[in-house]
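Note sheet for the following structure.
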Amino acid sequence: MEFMLGLVSIGIIAILLLYIGQMFRLPSIVGFLIIGMLAGPYGFRIISDQAAVETVGEIGIILLLFTIGLEFSFEKLLKSWRTVVIGGLLQIVTTIVAVTLVTHALHVPFTSALVFGFIISLSSTAIVMKILQERREVDTLQGRTLFGILLFQDLAIIPMMLILPVFMGSEGMDLNDLPLEIVKVIVILVMIVILARWVIPGLLFRVASQRSRELFFITIAAICIIVAWLTNQAGLSYTLGAFVAGLIIGESDYNIDALSHIIPFRDVFASIFFLSIGMLLNTGAILSDTSFVLLILVIVTLIIGIKILTGAFAAAALGMPARICIFTGFALCQVGEFSFVLAQTGLSSGFIPDKVYQLFLASAILSMALTPFMMSAAPRFTDFWYRVAPYRAKIEAPFAQENEPALSIPKDHMVIAGYGITGKSVARAAEITGIPYMVIEMKPEIIRRERAARKPYFIFGDAAQEEVLEHAGIRDARTLVVAVSDQEAVPRIVHRARRMSPDIYIIARTEHVRHAQYLLDLGADEVISEEFEAAREIFTRALKKYRLPDTEIAKIVSKIQNWGYAKFIKNGDAAPPSTGMDTVLLSLRIHVLTVEPGSSAEGRAIRDLGLKERHGVADYGLRRNNTMMTVANDTEVLAAGDALLVFCTDQVAAEIRPLFRRGEPQVL
């Protein structure tokens with residue numbers, strides 16, 4: 001098919017499928033996999049040059065890992081070494097052993113079973129990190145755990161590429177060349193360290209000094225490609241090199257600007273990658289045989305089941321609570337993109353027959369397509385797990401160390417769920433005022449650090465679980481402050497705490513205004529919205545630019561704050577709002593109304609305009625002679641050239657403005 005016609009066809013299919021997917025809340029990754037199946041050589045054959053698409057798709061994965069590296073840091077990476085080494089090693093080894101035993105039990109030769117164990121042990125870094133980015137969970141506890149395990153898998157590609165040819169009966173690396181290869185790896189790694197420490201920071205400084213966006217973008221892209229290529233020459237993957245390049249630039253002062261340049265390209269190229277994966281599947285050959293379809297479903301079930309268990313086991317070995325373990329297992333349940341490379345090696349060597357290869361492709365792609373749904377289902381399975389095994393929460397919730405007496409929790413204390421910036425500030429305030437409190441936190445390093453100074457006051461566990469809340473004395477507490485970073489956990493914590501303690505006062509933090517009413521309906525007494533607090537602060541600073549006195553700014557802000565907080569407090573406003581609160585907030589702004597000569601407002605006192613009675617505007621400022629801003633007395637007589645500043649919606653401002661314009665009809 002003609003190139004441009006092919007692009008048009010893919011564009012139409014993509015728009016239709018992605019639109020339908022959004023209507024039914026389907027992840028975009030699933031949509032792109034289906035588009036690839038339809039547009040590929042085994043579908044409508046819109047695209048026949050599959051190799052070119054795979055190359056472009058690989059660029060997308062490189063950019064994806066590059067942006068993750070930009071948002072990461074060496075300090076975070078060093079702190080997560082335990083997750084990388086222990087968690088990653090356990091996940092891969094247990095998966096290889098489990099897959100080998102299961103497939104060998106199904107009468108597959110041991111060598112073949114071991115090869116498939118290696119292939120299936122890998123998970124998709126691209127899919128998992130893409131979903132975590134969309135959920136804004138890359139820097140959460142579960143995000144760091146998953147990334148550490150996936151990073152180890154990327155490193156494990158090297159020994160796998162050396163070992164698998166031996167099992168497949170093909171020629172592997174000559175051991176006589178091994179010392180030379182080791183020297184080459186060391187030299188390249190030293191070059192990367194030199195680039196990161198001395199060359200790249202100076203280069204970025206000089207490039208940024210030129211103030212050319214094109215030059216800066218090309219430099220960032222070139223650094224990513226060069227480091228990725230050098231890492232590949234050392235025997236590692238391109239994607240790992242891209243992540244290292246991102247780490248290097250992420251430590252500089254230019255990481256935010258670099259991220260803004262790369263993100264638009266990353267999303268486009270990453271979408272092409274998932275499209276290229278879908279093109280690999282021969283749907284005609286699979287659907288023509290019913291037994292083939294049933295066999296695929298059985299294989300997918302085994303893959304998902306085994307990888308959920310091994311992923312959860314690896315997280316449990318790291319001391320993670322059950323919610324993180326379950327989420328980790330569900331997130332790693334798919335076959336990875338590097339598994340296709342290993343399988344392709346077996347196909348080219350004749351070790352894997354073509355029919356078995358297609359069987360593997362279908363199972364792998366289906367497991368990838370199911371990943372977003374599995375990650376979304378993890379919280380519900382966690383709740384089920386705690387109902388089936390409630391003793392697990394009790395194991396995770398102890399707050400008394402060995403040989404220490406159990407803590408007698410006083411009544412009317414405060415329970416704080418989450419010990420980030422917000423939780424820590426609340427805890428410090430409670431200490432200063434002498435209010436007893438208990439903190440529930442899921443990060444083991446925080447528990448270990450804080451217990452040294454405040455031994456009895458910290459519980460390791462998931463605040464969404466009944467047993468953990470029970471251990472924190474939720475039934476005798478006066479207040480619960482929900483300040484966890486995981487936004488999906490907030491509703492579950494609020495709902496469970498309200499069910500356990502009907503009289504407790506619950507304050508919940510949320511990111512967006514639109515979630516406030518939902519949390520109030522679940523049982524929160526008060527919701528603190530980061531979005532609203534930011535809007536209030538911006539509004540306050542904007543008023544200061546108009547040189548209003550601080551007393552009047554405080555007066556106006558207090559009115560807006562009281563109005564807004566009424567929407568965030570249960571029964572705070574008896575009359576339900578006619579429009580969404582976020583819509584109202586966005587429509588409010590400062591309007592400057594200048595008195596024109598001959599207008600209705602000229603020569604009249606402010607109180608005679610009826611601003612409060614007719615339009616609900618109670619607070620305003622007056623600017624006279626373009627320099628002096630004073631608090632206007634309602635008896636002040638307006639003169640031509642005066643400017644009245646009001647904070648209202650565009651609609652109200654449009655109703656008031658004719659009073660200040662010359663030639664408008666008298667409306668007083």
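Going through the structure tokens in order, the chains are called A, B, and so on, while each chain numbers its residues from 1 and the ligands are numbered from 1 in the order shown.
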For this session: Pick out the residues sitting within 9 Å of Cys224 (chain A), and hand them over as a ChimeraX atom specification; count only C-alpha atoms, and ignore anything fewer than 4 positions along from it in its own chain.
Result: /A:62-63,66,219-220,228-229,241-246
Compile the contact shell of region 261-274 of chain A as an mmCIF file with C-alpha atoms, in the first residue's frame: residues with an atom at most 10 Å away, counting only C-alpha atoms, same-chain residues fewer than 5 positions apart removed.
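Saved file part-v9.cif follows:
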```
data_model
loop_
_atom_site.group_PDB
_atom_site.id
_atom_site.type_symbol
_atom_site.label_atom_id
_atom_site.label_comp_id
_atom_site.auth_asym_id
_atom_site.auth_seq_id
_atom_site.Cartn_x
_atom_site.Cartn_y
_atom_site.Cartn_z
ATOM 1 C CA SER A 28 -4.403 2.921 25.422
ATOM 2 C CA ILE A 29 -1.790 0.133 25.369
ATOM 3 C CA VAL A 30 -4.510 -2.413 24.567
ATOM 4 C CA GLY A 31 -5.758 -0.175 21.779
ATOM 5 C CA PHE A 32 -2.338 0.076 20.147
ATOM 6 C CA LEU A 33 -1.821 -3.695 20.336
ATOM 7 C CA ILE A 34 -5.130 -4.220 18.514
ATOM 8 C CA ILE A 35 -4.246 -1.550 15.946
ATOM 9 C CA GLY A 36 -0.982 -3.378 15.262
ATOM 10 C CA VAL A 53 8.120 -0.128 12.546
ATOM 11 C CA GLU A 54 10.039 -2.203 15.105
ATOM 12 C CA THR A 55 13.011 0.160 14.770
ATOM 13 C CA VAL A 56 10.837 3.208 15.382
ATOM 14 C CA GLY A 57 9.178 1.393 18.279
ATOM 15 C CA GLU A 58 12.547 0.671 19.856
ATOM 16 C CA ILE A 59 13.267 4.408 19.730
ATOM 17 C CA GLY A 60 10.062 4.880 21.726
ATOM 18 C CA ILE A 61 11.262 2.532 24.470
ATOM 19 C CA ILE A 62 14.626 4.282 24.539
ATOM 20 C CA LEU A 63 12.886 7.645 25.044
ATOM 21 C CA LEU A 64 10.578 6.138 27.675
ATOM 22 C CA LEU A 65 13.484 4.879 29.776
ATOM 23 C CA PHE A 66 15.332 8.143 29.137
ATOM 24 C CA THR A 67 12.505 10.193 30.671
ATOM 25 C CA ALA A 126 7.882 -0.409 28.870
ATOM 26 C CA ILE A 127 4.334 -1.431 29.788
ATOM 27 C CA LYS A 130 4.148 3.504 31.173
ATOM 28 C CA ARG A 213 15.823 25.564 21.886
ATOM 29 C CA GLU A 214 16.744 23.664 18.725
ATOM 30 C CA PHE A 216 19.399 22.250 23.288
ATOM 31 C CA PHE A 217 16.957 19.618 22.023
ATOM 32 C CA ILE A 218 19.444 18.157 19.531
ATOM 33 C CA ILE A 220 19.820 16.207 24.687
ATOM 34 C CA ALA A 221 18.751 13.710 22.010
ATOM 35 C CA ASN A 255 16.567 18.079 33.688
ATOM 36 C CA ILE A 256 13.164 19.820 33.677
ATOM 37 C CA MET A 279 2.025 -6.705 14.245
ATOM 38 C CA GLU A 337 9.722 -7.121 25.230
ATOM 39 C CA ILE A 365 0.880 -10.318 23.615
ATOM 40 C CA MET A 368 0.728 -7.694 27.842
ATOM 41 C CA ALA A 369 -2.805 -6.626 26.909
#
```
Problem set entry | Contact residues around Ile96 (chain A) with only C-alpha atoms at 10 Å, ignoring same-chain residues under 6 positions, as a PyMOL selection string | chain A and resi 90+113-122+306-307+310
Problem set entry | d(CA of Phe539 (chain A), CA of Val592 (chain A)) in Å |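 Taking CA of Phe539 (chain A) and CA of Val592 (chain A), their separation equals 14.9 Å.
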Exercise. Hey, what's within 12 Å of Pro201 (chain A) if we count only C-alpha atoms and toss same-chain stuff fewer than 3 positions away? As an MDAnalysis selection string, please?
Worked result: chainID A and resid 193:198 204:208 219:220 223 248:255
Write out, as a short mmCIF file (atom, residue, chain, number, x, y, z; two decimals), in the first residue's frame, the residues just selected, with C-alpha atoms.
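For reference, result.cif as written:
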```
data_model
loop_
_atom_site.label_atom_id
_atom_site.label_comp_id
_atom_site.auth_asym_id
_atom_site.auth_seq_id
_atom_site.Cartn_x
_atom_site.Cartn_y
_atom_site.Cartn_z
CA VAL A 193 31.51 7.82 33.99
CA ILE A 194 33.85 10.43 32.46
CA LEU A 195 31.04 11.77 30.30
CA ALA A 196 28.69 11.95 33.28
CA ARG A 197 31.18 13.58 35.66
CA TRP A 198 33.09 16.05 33.53
CA LEU A 204 25.02 21.43 28.70
CA PHE A 205 26.08 24.69 30.34
CA ARG A 206 27.61 26.00 27.11
CA VAL A 207 24.66 24.83 25.01
CA ALA A 208 22.12 26.39 27.39
CA THR A 219 22.12 18.02 22.26
CA ILE A 220 19.82 16.21 24.69
CA ILE A 223 23.48 12.47 24.53
CA ILE A 248 23.25 11.73 33.98
CA ILE A 249 21.18 14.66 32.72
CA GLY A 250 18.76 14.31 35.64
CA GLU A 251 21.58 15.23 38.04
CA SER A 252 22.16 18.50 36.16
CA ASP A 253 20.28 21.80 36.37
CA TYR A 254 18.66 21.18 32.99
CA ASN A 255 16.57 18.08 33.69
#
```
Just asking: which residues within region 170-390 of chain A are helix (DSSP H, G or I) according to DSSP, as a PDB file with C-alpha atoms, in the first residue's frame?
```pdb
ATOM      1  CA  LEU A 175      35.338 -18.254  25.964  1.00  0.00           C
ATOM      2  CA  ASN A 176      38.751 -17.260  24.595  1.00  0.00           C
ATOM      3  CA  ASP A 177      37.257 -13.865  23.752  1.00  0.00           C
ATOM      4  CA  LEU A 178      35.830 -13.394  27.253  1.00  0.00           C
ATOM      5  CA  PRO A 179      38.818 -11.416  28.715  1.00  0.00           C
ATOM      6  CA  LEU A 180      38.719  -9.070  25.743  1.00  0.00           C
ATOM      7  CA  GLU A 181      34.984  -8.565  26.178  1.00  0.00           C
ATOM      8  CA  ILE A 182      35.451  -7.805  29.883  1.00  0.00           C
ATOM      9  CA  VAL A 183      38.107  -5.202  29.081  1.00  0.00           C
ATOM     10  CA  LYS A 184      35.816  -3.655  26.468  1.00  0.00           C
ATOM     11  CA  VAL A 185      32.975  -3.417  28.985  1.00  0.00           C
ATOM     12  CA  ILE A 186      35.245  -1.772  31.572  1.00  0.00           C
ATOM     13  CA  VAL A 187      36.578   0.767  29.052  1.00  0.00           C
ATOM     14  CA  ILE A 188      33.081   1.726  27.898  1.00  0.00           C
ATOM     15  CA  LEU A 189      31.771   2.044  31.451  1.00  0.00           C
ATOM     16  CA  VAL A 190      34.744   4.283  32.345  1.00  0.00           C
ATOM     17  CA  MET A 191      33.924   6.425  29.287  1.00  0.00           C
ATOM     18  CA  ILE A 192      30.324   6.780  30.510  1.00  0.00           C
ATOM     19  CA  VAL A 193      31.512   7.825  33.993  1.00  0.00           C
ATOM     20  CA  ILE A 194      33.851  10.429  32.461  1.00  0.00           C
ATOM     21  CA  LEU A 195      31.043  11.765  30.298  1.00  0.00           C
ATOM     22  CA  ALA A 196      28.694  11.955  33.279  1.00  0.00           C
ATOM     23  CA  ARG A 197      31.180  13.580  35.660  1.00  0.00           C
ATOM     24  CA  TRP A 198      33.092  16.053  33.525  1.00  0.00           C
ATOM     25  CA  VAL A 199      32.024  16.284  29.890  1.00  0.00           C
ATOM     26  CA  ILE A 200      28.207  16.451  29.810  1.00  0.00           C
ATOM     27  CA  PRO A 201      27.655  19.056  32.602  1.00  0.00           C
ATOM     28  CA  GLY A 202      30.042  21.495  30.925  1.00  0.00           C
ATOM     29  CA  LEU A 203      28.571  20.788  27.496  1.00  0.00           C
ATOM     30  CA  LEU A 204      25.019  21.426  28.701  1.00  0.00           C
ATOM     31  CA  PHE A 205      26.082  24.687  30.344  1.00  0.00           C
ATOM     32  CA  ARG A 206      27.606  25.998  27.114  1.00  0.00           C
ATOM     33  CA  VAL A 207      24.663  24.830  25.009  1.00  0.00           C
ATOM     34  CA  ALA A 208      22.119  26.386  27.393  1.00  0.00           C
ATOM     35  CA  SER A 209      24.070  29.662  27.294  1.00  0.00           C
ATOM     36  CA  ARG A 213      15.823  25.564  21.886  1.00  0.00           C
ATOM     37  CA  GLU A 214      16.744  23.664  18.725  1.00  0.00           C
ATOM     38  CA  LEU A 215      20.391  23.320  19.769  1.00  0.00           C
ATOM     39  CA  PHE A 216      19.399  22.250  23.288  1.00  0.00           C
ATOM     40  CA  PHE A 217      16.957  19.618  22.023  1.00  0.00           C
ATOM     41  CA  ILE A 218      19.444  18.157  19.531  1.00  0.00           C
ATOM     42  CA  THR A 219      22.115  18.023  22.257  1.00  0.00           C
ATOM     43  CA  ILE A 220      19.820  16.207  24.687  1.00  0.00           C
ATOM     44  CA  ALA A 221      18.751  13.710  22.010  1.00  0.00           C
ATOM     45  CA  ALA A 222      22.372  13.145  20.953  1.00  0.00           C
ATOM     46  CA  ILE A 223      23.484  12.474  24.532  1.00  0.00           C
ATOM     47  CA  CYS A 224      20.703   9.928  24.911  1.00  0.00           C
ATOM     48  CA  ILE A 225      21.622   8.136  21.674  1.00  0.00           C
ATOM     49  CA  ILE A 226      25.401   8.217  22.290  1.00  0.00           C
ATOM     50  CA  VAL A 227      25.169   6.819  25.838  1.00  0.00           C
ATOM     51  CA  ALA A 228      22.634   4.209  24.709  1.00  0.00           C
ATOM     52  CA  TRP A 229      24.968   3.119  21.890  1.00  0.00           C
ATOM     53  CA  LEU A 230      27.998   2.963  24.203  1.00  0.00           C
ATOM     54  CA  THR A 231      26.052   0.861  26.688  1.00  0.00           C
ATOM     55  CA  ASN A 232      24.963  -1.462  23.892  1.00  0.00           C
ATOM     56  CA  GLN A 233      28.576  -1.854  22.823  1.00  0.00           C
ATOM     57  CA  TYR A 238      19.895   0.234  24.459  1.00  0.00           C
ATOM     58  CA  THR A 239      17.115   0.903  26.945  1.00  0.00           C
ATOM     59  CA  LEU A 240      19.423   0.525  29.931  1.00  0.00           C
ATOM     60  CA  GLY A 241      21.821   2.966  28.276  1.00  0.00           C
ATOM     61  CA  ALA A 242      18.985   5.429  27.741  1.00  0.00           C
ATOM     62  CA  PHE A 243      18.099   5.171  31.419  1.00  0.00           C
ATOM     63  CA  VAL A 244      21.735   5.867  32.363  1.00  0.00           C
ATOM     64  CA  ALA A 245      21.735   8.895  30.029  1.00  0.00           C
ATOM     65  CA  GLY A 246      18.602  10.133  31.748  1.00  0.00           C
ATOM     66  CA  LEU A 247      20.240   9.712  35.151  1.00  0.00           C
ATOM     67  CA  ILE A 248      23.251  11.730  33.980  1.00  0.00           C
ATOM     68  CA  ILE A 249      21.178  14.658  32.724  1.00  0.00           C
ATOM     69  CA  GLY A 250      18.758  14.313  35.644  1.00  0.00           C
ATOM     70  CA  ASN A 255      16.567  18.079  33.688  1.00  0.00           C
ATOM     71  CA  ILE A 256      13.164  19.820  33.677  1.00  0.00           C
ATOM     72  CA  ASP A 257      13.766  21.541  30.351  1.00  0.00           C
ATOM     73  CA  ALA A 258      15.090  18.300  28.857  1.00  0.00           C
ATOM     74  CA  LEU A 259      11.997  16.454  30.063  1.00  0.00           C
ATOM     75  CA  SER A 260       9.678  19.012  28.451  1.00  0.00           C
ATOM     76  CA  HIS A 261      11.492  18.548  25.109  1.00  0.00           C
ATOM     77  CA  ILE A 262      11.392  14.745  25.129  1.00  0.00           C
ATOM     78  CA  ILE A 263       7.896  13.940  26.452  1.00  0.00           C
ATOM     79  CA  PRO A 264       5.931  14.697  23.216  1.00  0.00           C
ATOM     80  CA  PHE A 265       8.244  12.482  21.166  1.00  0.00           C
ATOM     81  CA  ARG A 266       8.302   9.772  23.832  1.00  0.00           C
ATOM     82  CA  ASP A 267       4.548   9.276  23.779  1.00  0.00           C
ATOM     83  CA  VAL A 268       4.420   9.063  19.991  1.00  0.00           C
ATOM     84  CA  PHE A 269       7.315   6.629  19.642  1.00  0.00           C
ATOM     85  CA  ALA A 270       6.226   4.497  22.603  1.00  0.00           C
ATOM     86  CA  SER A 271       2.803   4.128  20.981  1.00  0.00           C
ATOM     87  CA  ILE A 272       4.507   2.899  17.818  1.00  0.00           C
ATOM     88  CA  PHE A 273       6.360   0.295  19.894  1.00  0.00           C
ATOM     89  CA  PHE A 274       3.139  -1.254  21.171  1.00  0.00           C
ATOM     90  CA  LEU A 275       1.751  -1.100  17.647  1.00  0.00           C
ATOM     91  CA  SER A 276       4.802  -3.008  16.364  1.00  0.00           C
ATOM     92  CA  ILE A 277       4.305  -5.704  19.023  1.00  0.00           C
ATOM     93  CA  GLY A 278       0.757  -6.252  17.801  1.00  0.00           C
ATOM     94  CA  MET A 279       2.025  -6.705  14.245  1.00  0.00           C
ATOM     95  CA  THR A 283      -4.066 -13.835  14.044  1.00  0.00           C
ATOM     96  CA  GLY A 284      -5.327 -15.825  11.021  1.00  0.00           C
ATOM     97  CA  ALA A 285      -3.314 -18.929  11.841  1.00  0.00           C
ATOM     98  CA  ILE A 286      -4.344 -18.803  15.499  1.00  0.00           C
ATOM     99  CA  LEU A 287      -8.077 -18.181  15.088  1.00  0.00           C
ATOM    100  CA  THR A 290      -9.985 -23.788  18.090  1.00  0.00           C
ATOM    101  CA  SER A 291      -7.635 -26.078  20.009  1.00  0.00           C
ATOM    102  CA  PHE A 292      -4.851 -23.553  19.384  1.00  0.00           C
ATOM    103  CA  VAL A 293      -6.945 -20.821  21.020  1.00  0.00           C
ATOM    104  CA  LEU A 294      -7.712 -22.994  24.051  1.00  0.00           C
ATOM    105  CA  LEU A 295      -4.032 -23.866  24.404  1.00  0.00           C
ATOM    106  CA  ILE A 296      -3.145 -20.154  24.344  1.00  0.00           C
ATOM    107  CA  LEU A 297      -5.644 -19.424  27.108  1.00  0.00           C
ATOM    108  CA  VAL A 298      -4.161 -22.212  29.242  1.00  0.00           C
ATOM    109  CA  ILE A 299      -0.620 -20.938  28.673  1.00  0.00           C
ATOM    110  CA  VAL A 300      -1.599 -17.334  29.474  1.00  0.00           C
ATOM    111  CA  THR A 301      -3.288 -18.495  32.680  1.00  0.00           C
ATOM    112  CA  LEU A 302      -0.147 -20.394  33.722  1.00  0.00           C
ATOM    113  CA  ILE A 303       2.147 -17.453  32.872  1.00  0.00           C
ATOM    114  CA  ILE A 304       0.045 -14.945  34.781  1.00  0.00           C
ATOM    115  CA  GLY A 305      -0.435 -17.252  37.759  1.00  0.00           C
ATOM    116  CA  ILE A 306       3.249 -18.137  38.062  1.00  0.00           C
ATOM    117  CA  LYS A 307       4.480 -14.566  37.623  1.00  0.00           C
ATOM    118  CA  ILE A 308       2.014 -13.162  40.139  1.00  0.00           C
ATOM    119  CA  LEU A 309       3.266 -15.645  42.734  1.00  0.00           C
ATOM    120  CA  THR A 310       6.969 -15.120  42.016  1.00  0.00           C
ATOM    121  CA  GLY A 311       6.639 -11.313  41.859  1.00  0.00           C
ATOM    122  CA  ALA A 312       4.724 -11.230  45.133  1.00  0.00           C
ATOM    123  CA  PHE A 313       7.267 -13.573  46.720  1.00  0.00           C
ATOM    124  CA  ALA A 314      10.168 -11.320  45.663  1.00  0.00           C
ATOM    125  CA  ALA A 315       8.478  -8.267  47.193  1.00  0.00           C
ATOM    126  CA  ALA A 316       7.629 -10.207  50.358  1.00  0.00           C
ATOM    127  CA  ALA A 317      11.282 -11.219  50.713  1.00  0.00           C
ATOM    128  CA  ALA A 322       0.858  -7.428  51.446  1.00  0.00           C
ATOM    129  CA  ARG A 323      -0.597  -4.615  49.339  1.00  0.00           C
ATOM    130  CA  ILE A 324       2.770  -3.878  47.736  1.00  0.00           C
ATOM    131  CA  CYS A 325       3.508  -7.590  47.259  1.00  0.00           C
ATOM    132  CA  ILE A 326       0.199  -8.230  45.523  1.00  0.00           C
ATOM    133  CA  PHE A 327       0.517  -5.130  43.343  1.00  0.00           C
ATOM    134  CA  THR A 328       4.067  -6.131  42.372  1.00  0.00           C
ATOM    135  CA  GLY A 329       2.962  -9.624  41.386  1.00  0.00           C
ATOM    136  CA  PHE A 330       0.024  -8.343  39.337  1.00  0.00           C
ATOM    137  CA  ALA A 331       2.214  -5.746  37.603  1.00  0.00           C
ATOM    138  CA  GLU A 337       9.722  -7.121  25.230  1.00  0.00           C
ATOM    139  CA  PHE A 338      13.219  -8.622  25.593  1.00  0.00           C
ATOM    140  CA  SER A 339      11.602 -12.061  25.687  1.00  0.00           C
ATOM    141  CA  PHE A 340      10.864 -11.564  21.989  1.00  0.00           C
ATOM    142  CA  VAL A 341      14.586 -11.116  21.369  1.00  0.00           C
ATOM    143  CA  LEU A 342      15.413 -14.373  23.156  1.00  0.00           C
ATOM    144  CA  ALA A 343      12.567 -16.207  21.402  1.00  0.00           C
ATOM    145  CA  GLN A 344      13.715 -14.857  18.045  1.00  0.00           C
ATOM    146  CA  THR A 345      17.172 -16.296  18.764  1.00  0.00           C
ATOM    147  CA  GLY A 346      15.601 -19.707  19.337  1.00  0.00           C
ATOM    148  CA  LEU A 347      13.540 -19.405  16.145  1.00  0.00           C
ATOM    149  CA  SER A 348      16.529 -18.464  13.975  1.00  0.00           C
ATOM    150  CA  ASP A 354       7.469 -21.652  13.954  1.00  0.00           C
ATOM    151  CA  LYS A 355       4.170 -22.939  15.356  1.00  0.00           C
ATOM    152  CA  VAL A 356       5.525 -22.861  18.909  1.00  0.00           C
ATOM    153  CA  TYR A 357       6.896 -19.381  18.239  1.00  0.00           C
ATOM    154  CA  GLN A 358       3.436 -18.139  17.180  1.00  0.00           C
ATOM    155  CA  LEU A 359       1.984 -19.804  20.267  1.00  0.00           C
ATOM    156  CA  PHE A 360       4.497 -17.907  22.380  1.00  0.00           C
ATOM    157  CA  LEU A 361       3.764 -14.617  20.577  1.00  0.00           C
ATOM    158  CA  ALA A 362       0.010 -14.939  21.100  1.00  0.00           C
ATOM    159  CA  SER A 363       0.419 -15.780  24.778  1.00  0.00           C
ATOM    160  CA  ALA A 364       2.949 -12.999  25.347  1.00  0.00           C
ATOM    161  CA  ILE A 365       0.880 -10.318  23.615  1.00  0.00           C
ATOM    162  CA  LEU A 366      -2.277 -11.388  25.429  1.00  0.00           C
ATOM    163  CA  SER A 367      -0.456 -11.215  28.771  1.00  0.00           C
ATOM    164  CA  MET A 368       0.728  -7.694  27.842  1.00  0.00           C
ATOM    165  CA  ALA A 369      -2.805  -6.626  26.909  1.00  0.00           C
ATOM    166  CA  LEU A 370      -4.151  -7.906  30.233  1.00  0.00           C
ATOM    167  CA  THR A 371      -1.536  -6.075  32.337  1.00  0.00           C
ATOM    168  CA  PRO A 372      -3.432  -2.765  32.775  1.00  0.00           C
ATOM    169  CA  PHE A 373      -6.513  -4.674  33.926  1.00  0.00           C
ATOM    170  CA  MET A 374      -4.458  -6.807  36.303  1.00  0.00           C
ATOM    171  CA  MET A 375      -2.837  -3.744  37.873  1.00  0.00           C
ATOM    172  CA  SER A 376      -6.251  -2.135  38.317  1.00  0.00           C
ATOM    173  CA  ALA A 377      -7.591  -5.333  39.916  1.00  0.00           C
ATOM    174  CA  ALA A 378      -4.729  -5.576  42.444  1.00  0.00           C
ATOM    175  CA  PRO A 379      -6.378  -3.381  45.154  1.00  0.00           C
ATOM    176  CA  ARG A 380      -9.590  -5.444  45.068  1.00  0.00           C
ATOM    177  CA  PHE A 381      -7.606  -8.656  45.351  1.00  0.00           C
ATOM    178  CA  THR A 382      -5.722  -7.133  48.286  1.00  0.00           C
ATOM    179  CA  ASP A 383      -8.992  -6.537  50.121  1.00  0.00           C
ATOM    180  CA  PHE A 384     -10.013 -10.121  49.370  1.00  0.00           C
ATOM    181  CA  TRP A 385      -6.662 -11.396  50.641  1.00  0.00           C
ATOM    182  CA  TYR A 386      -7.026  -9.640  53.960  1.00  0.00           C
ATOM    183  CA  ARG A 387     -10.516 -11.052  54.400  1.00  0.00           C
ATOM    184  CA  VAL A 388      -9.241 -14.564  53.699  1.00  0.00           C
TER     185      VAL A 388
END
```
Exercise. Distance CA of Ile47 (chain A)-CA of Gly6 (chain A), one decimal place?
Worked result: 6.7 Å
Exercise. Between CA of Met129 (chain A) and CA of Val490 (chain A), what is the distance, to one decimal in Å?
Worked result: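 About the pair CA of Met129 (chain A) and CA of Val490 (chain A): they are 22.2 Å apart.
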Need to verify the contact set: region 427-436 of chain A, 9 Å, only C-alpha atoms, exclusion of same-chain residues closer than 5 positions in sequence. Can you return it as a tab-separated table (two decimals) with C-alpha atoms, in the first residue's frame?
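Listed below is the output, out20.tsv:
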```
chain	number	residue	atom	x	y	z
A	409	ILE	CA	-2.62	3.68	73.52
A	410	PRO	CA	-4.42	6.58	75.20
A	411	LYS	CA	-7.89	7.60	74.12
A	412	ASP	CA	-8.60	10.65	71.98
A	413	HIS	CA	-5.28	10.33	70.18
A	414	MET	CA	-4.61	11.18	66.53
A	415	VAL	CA	-3.95	8.54	63.85
A	416	ILE	CA	-1.80	9.72	60.94
A	419	TYR	CA	4.52	10.00	56.89
A	422	THR	CA	2.21	16.40	55.26
A	457	TYR	CA	4.46	5.81	67.75
```
